[in-house]
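Colleague: I'd like to ask you about the structure that follows.
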Amino acid sequence: MRTQQHTCEISQVLKTFDALIQLSQASFDYQLVLADIWIKAFSELTRELASYEAKGETIEDWRQFLEVWSNIFDREFAQKFRSEDAQAIQGKFLKVGMSYWVEQQHLLEGVRKNLDLPICNQGDESQI
């Protein structure tokens, strides 16, 4: 019986570790999407500032600068996340993140059980 319990525990550790690896990969893919947005937004900001200079205009203060930057970033972010590829990457990141959380909870419940610690479920936590 004890050998079977160890096998189950090892299996849960491996499932949790696999979920962590999947989460790391999905996070990396998502970070690449965000990096692309930052690069494009910064490039567009540089062009916008050059156009101000070409017209002989200046940005008067930080508020105006942040408004220009914010508009550019928002536009680039919205444009990128309208693409099916970016939506798929974001969806995978969220799905894998939730799977990891579930596996982590299972692993922690096993550890608590082995240490004879009380196990709280989501319903118990709402009463704390």
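The way I read the labels, and the way they are meant: chains A, B, ... in the order of the structure tokens, residue 1 as the first residue of every chain, and ligand 1 as the first ligand shown, with later ones counted on from there.
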Would you pick out the contacts of stretch 45-56 of chain A at 12 Å or less, using only C-alpha atoms, so that residues sharing its chain but fewer than 6 positions from it are not included, and give the list as number ranges by chain?
Modeller: A: 37-39, 64-76
Colleague: Near stretch 104-107 of chain A, counting only C-alpha atoms, which residues have an atom at most 7 Å away, once you skip same-chain residues fewer than 2 positions from it, shown as a list in words?
Modeller: Gln12, Val13, Thr16, Tyr100, Trp101, Val102, Glu109, Gly110 and Val111 of chain A
Colleague: One number please: atom CA of A:Arg112 to atom CA of A:Cys8, in Å, one decimal.
Modeller: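 Distance reported for this atom pair: 14.8 Å.
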Colleague: Residues within 8 Å of A:Ala19, please, as a PyMOL selection string. Count only C-alpha atoms; anything in the same chain fewer than 3 positions from it doesn't count.
Modeller: chain A and resi 15-16+22-23+96+99-100+103
Colleague: Would you mind exporting the chosen residues as a PDB file, in the first residue's frame, restricted to all heavy atoms?
Modeller:
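Below you can see selection-v4.pdb, which holds the result:
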```pdb
ATOM      1  N   LYS A  15       3.396  15.379 -12.771  1.00  0.00           N
ATOM      2  CA  LYS A  15       2.330  16.121 -13.453  1.00  0.00           C
ATOM      3  C   LYS A  15       2.453  17.614 -13.180  1.00  0.00           C
ATOM      4  O   LYS A  15       2.283  18.436 -14.085  1.00  0.00           O
ATOM      5  CB  LYS A  15       0.960  15.609 -13.001  1.00  0.00           C
ATOM      6  CG  LYS A  15       0.561  14.279 -13.590  1.00  0.00           C
ATOM      7  CD  LYS A  15      -0.724  13.746 -13.000  1.00  0.00           C
ATOM      8  CE  LYS A  15      -1.909  14.598 -13.350  1.00  0.00           C
ATOM      9  NZ  LYS A  15      -3.199  14.033 -12.858  1.00  0.00           N
ATOM     10  N   THR A  16       2.764  17.964 -11.940  1.00  0.00           N
ATOM     11  CA  THR A  16       2.921  19.376 -11.577  1.00  0.00           C
ATOM     12  C   THR A  16       4.132  19.975 -12.283  1.00  0.00           C
ATOM     13  O   THR A  16       4.069  21.095 -12.800  1.00  0.00           O
ATOM     14  CB  THR A  16       3.044  19.538 -10.054  1.00  0.00           C
ATOM     15  OG1 THR A  16       1.914  18.929  -9.432  1.00  0.00           O
ATOM     16  CG2 THR A  16       3.111  21.004  -9.663  1.00  0.00           C
ATOM     17  N   GLN A  22       5.083  23.544 -19.149  1.00  0.00           N
ATOM     18  CA  GLN A  22       4.139  24.073 -20.145  1.00  0.00           C
ATOM     19  C   GLN A  22       3.838  25.542 -19.872  1.00  0.00           C
ATOM     20  O   GLN A  22       3.737  26.344 -20.808  1.00  0.00           O
ATOM     21  CB  GLN A  22       2.862  23.249 -20.147  1.00  0.00           C
ATOM     22  CG  GLN A  22       3.033  21.859 -20.709  1.00  0.00           C
ATOM     23  CD  GLN A  22       1.726  21.084 -20.699  1.00  0.00           C
ATOM     24  OE1 GLN A  22       0.648  21.662 -20.820  1.00  0.00           O
ATOM     25  NE2 GLN A  22       1.823  19.779 -20.559  1.00  0.00           N
ATOM     26  N   LEU A  23       3.690  25.897 -18.608  1.00  0.00           N
ATOM     27  CA  LEU A  23       3.431  27.290 -18.251  1.00  0.00           C
ATOM     28  C   LEU A  23       4.620  28.170 -18.615  1.00  0.00           C
ATOM     29  O   LEU A  23       4.447  29.277 -19.141  1.00  0.00           O
ATOM     30  CB  LEU A  23       3.118  27.416 -16.753  1.00  0.00           C
ATOM     31  CG  LEU A  23       2.877  28.832 -16.239  1.00  0.00           C
ATOM     32  CD1 LEU A  23       1.686  29.487 -16.933  1.00  0.00           C
ATOM     33  CD2 LEU A  23       2.676  28.816 -14.731  1.00  0.00           C
ATOM     34  N   VAL A  96      -3.079  27.171 -19.794  1.00  0.00           N
ATOM     35  CA  VAL A  96      -1.977  26.448 -19.170  1.00  0.00           C
ATOM     36  C   VAL A  96      -1.753  26.955 -17.742  1.00  0.00           C
ATOM     37  O   VAL A  96      -1.449  26.171 -16.838  1.00  0.00           O
ATOM     38  CB  VAL A  96      -0.695  26.571 -20.032  1.00  0.00           C
ATOM     39  CG1 VAL A  96       0.518  26.061 -19.315  1.00  0.00           C
ATOM     40  CG2 VAL A  96      -0.886  25.818 -21.335  1.00  0.00           C
ATOM     41  N   SER A  99      -4.288  25.278 -15.596  1.00  0.00           N
ATOM     42  CA  SER A  99      -3.938  23.866 -15.423  1.00  0.00           C
ATOM     43  C   SER A  99      -2.821  23.713 -14.399  1.00  0.00           C
ATOM     44  O   SER A  99      -2.860  22.813 -13.551  1.00  0.00           O
ATOM     45  CB  SER A  99      -3.496  23.253 -16.754  1.00  0.00           C
ATOM     46  OG  SER A  99      -4.557  23.211 -17.659  1.00  0.00           O
ATOM     47  N   TYR A 100      -1.838  24.586 -14.469  1.00  0.00           N
ATOM     48  CA  TYR A 100      -0.749  24.544 -13.499  1.00  0.00           C
ATOM     49  C   TYR A 100      -1.284  24.789 -12.092  1.00  0.00           C
ATOM     50  O   TYR A 100      -0.912  24.094 -11.138  1.00  0.00           O
ATOM     51  CB  TYR A 100       0.340  25.567 -13.840  1.00  0.00           C
ATOM     52  CG  TYR A 100       1.376  25.680 -12.755  1.00  0.00           C
ATOM     53  CD1 TYR A 100       2.285  24.645 -12.537  1.00  0.00           C
ATOM     54  CD2 TYR A 100       1.434  26.793 -11.933  1.00  0.00           C
ATOM     55  CE1 TYR A 100       3.225  24.734 -11.514  1.00  0.00           C
ATOM     56  CE2 TYR A 100       2.370  26.889 -10.922  1.00  0.00           C
ATOM     57  CZ  TYR A 100       3.262  25.855 -10.710  1.00  0.00           C
ATOM     58  OH  TYR A 100       4.173  25.941  -9.710  1.00  0.00           O
ATOM     59  N   GLU A 103      -2.931  21.617 -10.787  1.00  0.00           N
ATOM     60  CA  GLU A 103      -1.943  20.596 -10.441  1.00  0.00           C
ATOM     61  C   GLU A 103      -1.181  20.979  -9.175  1.00  0.00           C
ATOM     62  O   GLU A 103      -0.901  20.124  -8.326  1.00  0.00           O
ATOM     63  CB  GLU A 103      -0.971  20.359 -11.593  1.00  0.00           C
ATOM     64  CG  GLU A 103      -1.612  19.744 -12.820  1.00  0.00           C
ATOM     65  CD  GLU A 103      -2.315  18.423 -12.562  1.00  0.00           C
ATOM     66  OE1 GLU A 103      -1.883  17.663 -11.671  1.00  0.00           O
ATOM     67  OE2 GLU A 103      -3.311  18.143 -13.248  1.00  0.00           O
TER      68      GLU A 103
END
```
Colleague: Work out how far atom CA of A:Ala88 is from atom CA of A:Ser43, in Å to one decimal.
Modeller: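 Taking atom CA of A:Ser43 and atom CA of A:Ala88, their separation equals 25.2 Å.
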